[in-house]
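Student: Let me give you the structure first, and then I'll get to my questions.
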Amino acid sequence: MQYLCAKQLTAGGTTYYPGEIIPDGVILPERSGKLINNGYISEMNAEVSRGVFSGQGGLFTGEQVDAMITEAVAAELEKSRESMQAVKAELVEMESVDVPETVLITVNRESDGENEQVTAVPATPQEIQQVFSIMQLNAEEGAKAITEVQSENVLILLHAADSRKTIKNAAKERADNLFSVEGVDT
């Protein structure tokens with residue numbers, strides 16, 4: 001009788017792996033019962049040895065099994081496509097969301113005593129990025145970078161947010177130079 005190997009075992013000097021067919025005569029009849037009970041082998045009937053697999057309603061041929069696998073794979077691919085299309089639609093929808101051109105940032109101004117003064121500074125994303133880039137530099141490099149700044153909003157935000165005296169003074173000086181030059185030109 002032929003057997004189907006369920007767990008790796010060596011019989012008759014040959015190692016069999018799960019799923020392999022053990023030919024007739026390799027397993028001694030008196031040992032087969034113990035190997036079956038321990039889950040090493042299982043009996044094979046004639047249909048299985050010819051490539052027919054058992055199912056809920058009976059037996060399936062190898063071609064039928066291949067067809068069922070192909071159908072299952074195709075169904076899963078279709079689900080994946082639908083899922084990807086839904087994600088793509090969400091991304092397209094997110095791209096159409098309007099991003100504000102400016103962000104209002106409230107800044108506490110220097111006050112004279114008890115009255116705290118707050119100013120709202122409208123800043124573009126590029127200006128905010130420039131502020132953070134300068135704040136990440138050391139004091140000397142930051143002061144040099146401030147000499148190239150053209151935006152009043154960047155200078156105000158740097159003066160308000162950076163605690164380093166060098167940066168505060170450079171921002172104030174740059175603002176004074178920008179506005180005094182602009183005042184002369186107009």
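Ligands are numbered from 1 in the order shown, residues from 1 within each chain, and chains are lettered A, B, ... in the order they appear in the structure tokens.
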Residues of segment 60-134 of chain A in strand (DSSP E) according to DSSP, as a list in words?
Tutor: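 Of segment 60-134 of chain A, only Phe60, Thr61, Val103, Leu104, Ile105, Thr106, Val107, Asn108, Arg109, Gln117, Val118, Thr119, Ala120, Val121, Pro122 and Ala123 of chain A fall in strand (DSSP E).
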Student: Residues within 9 Å of segment 24-37 of chain A, please, as a VMD selection string. Count only C-alpha atoms; anything in the same chain fewer than 2 positions from it doesn't count.
Tutor: chain A and resid 1 to 3 11 to 12 22 39 to 43
Student: Which residue, A:Ala86, A:Ala67, A:Val118, A:Val103, has the smallest gap to Ala160 of chain A when you use only C-alpha atoms?
Tutor: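 Using only C-alpha atoms, the shortest distance to Ala160 of chain A belongs to A:Val118.
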Student: For atom CA of Leu91 of chain A and atom CA of Ala74 of chain A, determine how far apart the two atoms are, in Å to one decimal place.
Tutor: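 Interatomic distance, atom CA of Leu91 of chain A to atom CA of Ala74 of chain A: 25.7 Å.
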Student: In Å to one decimal, how far is atom CA of Leu4 of chain A from atom CA of Pro18 of chain A?
Tutor: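 Pair atom CA of Pro18 of chain A / atom CA of Leu4 of chain A returns 7.7 Å.
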Student: Just the number, please: distance in Å from atom CA of Asn177 of chain A to atom CA of Gln129 of chain A, one decimal.
Tutor: 22.6 Å
Student: Neighbouring residues of Asn153 of chain A were defined as those with any atom within 8 Å, considering only C-alpha atoms; residues of the same chain fewer than 6 positions away were excluded. Please report them as a PyMOL selection string.
Tutor: chain A and resi 121-123+127
Student: Identify, on the basis of only C-alpha atoms, every residue whose closest approach to Lys165 of chain A does not exceed 9 Å; exclude the query and any residue fewer than 4 positions from it along the same chain; express the result as an mmCIF file with all heavy atoms, in the first residue's frame.
Tutor:
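What landed in around35.cif:
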```
data_model
loop_
_atom_site.group_PDB
_atom_site.id
_atom_site.type_symbol
_atom_site.label_atom_id
_atom_site.label_comp_id
_atom_site.auth_asym_id
_atom_site.auth_seq_id
_atom_site.Cartn_x
_atom_site.Cartn_y
_atom_site.Cartn_z
ATOM 1 N N ALA A 139 24.419 80.922 16.172
ATOM 2 C CA ALA A 139 24.151 82.365 16.229
ATOM 3 C C ALA A 139 24.863 83.140 15.117
ATOM 4 O O ALA A 139 24.260 84.009 14.477
ATOM 5 C CB ALA A 139 24.537 82.918 17.597
ATOM 6 N N ASN A 169 19.080 90.934 17.720
ATOM 7 C CA ASN A 169 19.706 92.177 17.254
ATOM 8 C C ASN A 169 19.851 92.188 15.739
ATOM 9 O O ASN A 169 19.598 93.219 15.090
ATOM 10 C CB ASN A 169 21.067 92.367 17.917
ATOM 11 C CG ASN A 169 20.938 92.705 19.391
ATOM 12 O OD1 ASN A 169 19.880 93.132 19.861
ATOM 13 N ND2 ASN A 169 22.012 92.489 20.141
ATOM 14 N N ALA A 170 20.238 91.054 15.143
ATOM 15 C CA ALA A 170 20.401 90.986 13.682
ATOM 16 C C ALA A 170 19.051 91.183 12.985
ATOM 17 O O ALA A 170 18.969 91.885 11.973
ATOM 18 C CB ALA A 170 21.025 89.653 13.283
#
```
Student: Hey, what's within 8 Å of Ile146 of chain A if we count only C-alpha atoms and toss same-chain stuff fewer than 5 positions away? As a list of chain:residue names, please?
Tutor: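 Non-adjacent residues within range: A:Ile134, A:Leu155, A:Ala170, A:Ala171, A:Arg174.
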Student: Hey, can you spit out that residue selection with N, CA, C and O atoms as a PDB file, in the first residue's frame?
Tutor:
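Listing of result33.pdb after writing:
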```
ATOM      1  N   ILE A 134      16.631  79.336   9.864  1.00  0.00           N
ATOM      2  CA  ILE A 134      17.559  80.260  10.535  1.00  0.00           C
ATOM      3  C   ILE A 134      17.688  79.900  12.009  1.00  0.00           C
ATOM      4  O   ILE A 134      18.788  79.927  12.571  1.00  0.00           O
ATOM      5  N   LEU A 155      11.409  88.456   9.778  1.00  0.00           N
ATOM      6  CA  LEU A 155      12.178  89.208  10.775  1.00  0.00           C
ATOM      7  C   LEU A 155      11.403  89.357  12.081  1.00  0.00           C
ATOM      8  O   LEU A 155      11.958  89.200  13.171  1.00  0.00           O
ATOM      9  N   ALA A 170      20.238  91.054  15.143  1.00  0.00           N
ATOM     10  CA  ALA A 170      20.401  90.986  13.682  1.00  0.00           C
ATOM     11  C   ALA A 170      19.051  91.183  12.985  1.00  0.00           C
ATOM     12  O   ALA A 170      18.969  91.885  11.973  1.00  0.00           O
ATOM     13  N   ALA A 171      17.996  90.593  13.529  1.00  0.00           N
ATOM     14  CA  ALA A 171      16.664  90.748  12.930  1.00  0.00           C
ATOM     15  C   ALA A 171      16.192  92.193  13.027  1.00  0.00           C
ATOM     16  O   ALA A 171      15.643  92.752  12.067  1.00  0.00           O
ATOM     17  N   ARG A 174      18.268  94.335  10.601  1.00  0.00           N
ATOM     18  CA  ARG A 174      17.869  94.086   9.214  1.00  0.00           C
ATOM     19  C   ARG A 174      16.532  94.766   8.907  1.00  0.00           C
ATOM     20  O   ARG A 174      16.359  95.378   7.841  1.00  0.00           O
TER      21      ARG A 174
END
```
Student: Just the residues within 12 Å of Gln126 of chain A, please, counting only C-alpha atoms, with nothing from its chain fewer than 5 positions along; format it as a PDB file with N, CA, C and O atoms, in the first residue's frame.
Tutor:
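Once everything was written out, this is out.pdb:
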```pdb
ATOM      1  N   GLU A 101      -3.091  80.181   2.031  1.00  0.00           N
ATOM      2  CA  GLU A 101      -1.868  80.815   1.544  1.00  0.00           C
ATOM      3  C   GLU A 101      -1.018  81.364   2.687  1.00  0.00           C
ATOM      4  O   GLU A 101       0.184  81.381   2.593  1.00  0.00           O
ATOM      5  N   THR A 102      -1.685  81.822   3.734  1.00  0.00           N
ATOM      6  CA  THR A 102      -0.958  82.342   4.892  1.00  0.00           C
ATOM      7  C   THR A 102      -1.536  81.764   6.172  1.00  0.00           C
ATOM      8  O   THR A 102      -2.689  81.343   6.225  1.00  0.00           O
ATOM      9  N   VAL A 103      -0.696  81.764   7.179  1.00  0.00           N
ATOM     10  CA  VAL A 103      -1.089  81.308   8.506  1.00  0.00           C
ATOM     11  C   VAL A 103      -0.894  82.489   9.452  1.00  0.00           C
ATOM     12  O   VAL A 103       0.142  83.152   9.409  1.00  0.00           O
ATOM     13  N   VAL A 131      12.110  80.859   8.732  1.00  0.00           N
ATOM     14  CA  VAL A 131      12.312  81.139  10.159  1.00  0.00           C
ATOM     15  C   VAL A 131      12.944  79.935  10.848  1.00  0.00           C
ATOM     16  O   VAL A 131      13.945  80.056  11.574  1.00  0.00           O
ATOM     17  N   PHE A 132      12.381  78.762  10.618  1.00  0.00           N
ATOM     18  CA  PHE A 132      12.915  77.563  11.269  1.00  0.00           C
ATOM     19  C   PHE A 132      14.320  77.235  10.779  1.00  0.00           C
ATOM     20  O   PHE A 132      15.155  76.774  11.551  1.00  0.00           O
ATOM     21  N   SER A 133      14.586  77.463   9.514  1.00  0.00           N
ATOM     22  CA  SER A 133      15.930  77.202   8.992  1.00  0.00           C
ATOM     23  C   SER A 133      16.959  78.084   9.676  1.00  0.00           C
ATOM     24  O   SER A 133      18.035  77.616  10.056  1.00  0.00           O
ATOM     25  N   SER A 151      11.814  89.466   3.918  1.00  0.00           N
ATOM     26  CA  SER A 151      10.448  89.482   4.434  1.00  0.00           C
ATOM     27  C   SER A 151      10.370  90.064   5.837  1.00  0.00           C
ATOM     28  O   SER A 151      11.057  89.620   6.759  1.00  0.00           O
ATOM     29  N   ASN A 153       7.832  89.735   7.766  1.00  0.00           N
ATOM     30  CA  ASN A 153       7.226  88.717   8.628  1.00  0.00           C
ATOM     31  C   ASN A 153       8.277  87.773   9.210  1.00  0.00           C
ATOM     32  O   ASN A 153       8.214  87.399  10.375  1.00  0.00           O
ATOM     33  N   VAL A 154       9.254  87.368   8.400  1.00  0.00           N
ATOM     34  CA  VAL A 154      10.322  86.492   8.882  1.00  0.00           C
ATOM     35  C   VAL A 154      11.106  87.193   9.986  1.00  0.00           C
ATOM     36  O   VAL A 154      11.408  86.592  11.023  1.00  0.00           O
TER      37      VAL A 154
END
```
Student: Could you pull out all residues of segment 52-153 of chain A with a DSSP call of helix (DSSP H, G or I) and give them as a ChimeraX atom specification?
Tutor: /A:62-95,125-135,139-146,152-153
Student: Go through A:Arg109, A:Lys88, A:Arg164, A:Arg81 one by one, measure the shortest atom-to-atom distance of each to Leu137 of chain A using only C-alpha atoms, and give the residue with the smallest value.
Tutor: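 Closest residue, counting only C-alpha atoms: A:Arg164.
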